[in-house]
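What follows is one structure encoded as structure tokens, with my remarks underneath.
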Amino acid sequence: MRRARSGGATKPRGQKRPGSSRAPASAPSADRARRPAAQAGGGSRAAAKQPAAKRRSPPVQEAGPGEPPPLDLGEQRERWETFQKRQRLSFEGAAKLLLDTYEYQGLVKHTGGCHCGAVRFEVWASADLHIFDCNCSICKKKQNKHFIVPASRFKLLKGADSITTYTFNTHKAQHTFCKRCGVQSFYSPRSNPGGFGIAPHCLDEGTVRSVVVEEFNGSDWEKAMKEHKTIKNMSKE
């Protein structure tokens, strides 16, 4: 009969028997062990080994919202820069000068202002001025001789805070004048509320070639406006 083996002498499976010459299974090599770790780490090492992507030239700069597109002057760049330096103008100033000269062909830029210098303006108009001499109640008292231009041709350079306004009757005419010296160098006339009436005697010297004065019967304003053929359109472009 076979003897039953003692439970205490029983060897668990997989444990090395004494005297056994069988070597344990070798552990995976270090290279193999590293591969899954690199993969688990998001492939950063693998990505580092990949060849660098070819460099691309930077895209053309585009203008942001509300900004003008970049201006390519091409062969005119050197000529433009020379013009800027000669005129001592910024890029914007040079562009404005050329645009004004083109859009206001046949006109000259007059400058002027009040007596104390707090109010200054520029206006594009003919060198040959057509002046209205009005005899309404207020124009007669302040000798308001003026020529009329569209609002787009007039620019207040300084003195907005130095200007105050007087109105009366229909309140359509805006009689603006300097708070400090009291001089009215320009105003918004009742005949052309969309434009400006400029006092020729408040212009700087050197840009007026000739002056023609036309009397306007402002004391009978409605009748005079009805009979005059051109005055109401003088503030139009």
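Starting from 1 in every chain, residues are counted up; chains themselves are A, B, ... following the order of the structure tokens, and ligands are numbered from 1 as listed.
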Backbone DSSP call of strand (DSSP E) for segment 119-219 of chain A, listed as a VMD selection string: chain A and resid 120 to 125 128 to 134 145 to 150 154 to 158 163 to 166 175 to 178 186 to 187 195 to 198 210 to 216
Residue neighbourhood segment 89-97 of chain A, 10 Å, only C-alpha atoms, exclusion window fewer than 6 positions, as number ranges by chain: A: 80-81, 83
With N, CA and C atoms retained, write the just-selected residues as a PDB file, in the first residue's frame.
ATOM      1  N   TRP A  80       7.187 107.661 -51.387  1.00  0.00           N
ATOM      2  CA  TRP A  80       6.259 108.046 -50.312  1.00  0.00           C
ATOM      3  C   TRP A  80       7.017 108.503 -49.072  1.00  0.00           C
ATOM      4  N   GLU A  81       8.048 107.757 -48.675  1.00  0.00           N
ATOM      5  CA  GLU A  81       8.822 108.104 -47.486  1.00  0.00           C
ATOM      6  C   GLU A  81       9.551 109.432 -47.672  1.00  0.00           C
ATOM      7  N   PHE A  83       8.464 111.881 -49.548  1.00  0.00           N
ATOM      8  CA  PHE A  83       7.407 112.893 -49.460  1.00  0.00           C
ATOM      9  C   PHE A  83       7.076 113.192 -48.002  1.00  0.00           C
TER      10      PHE A  83
END
Point-to-point distance from atom CA of Ala160 of chain A to atom CA of Gly195 of chain A, Å rounded to tenths: 17.0 Å
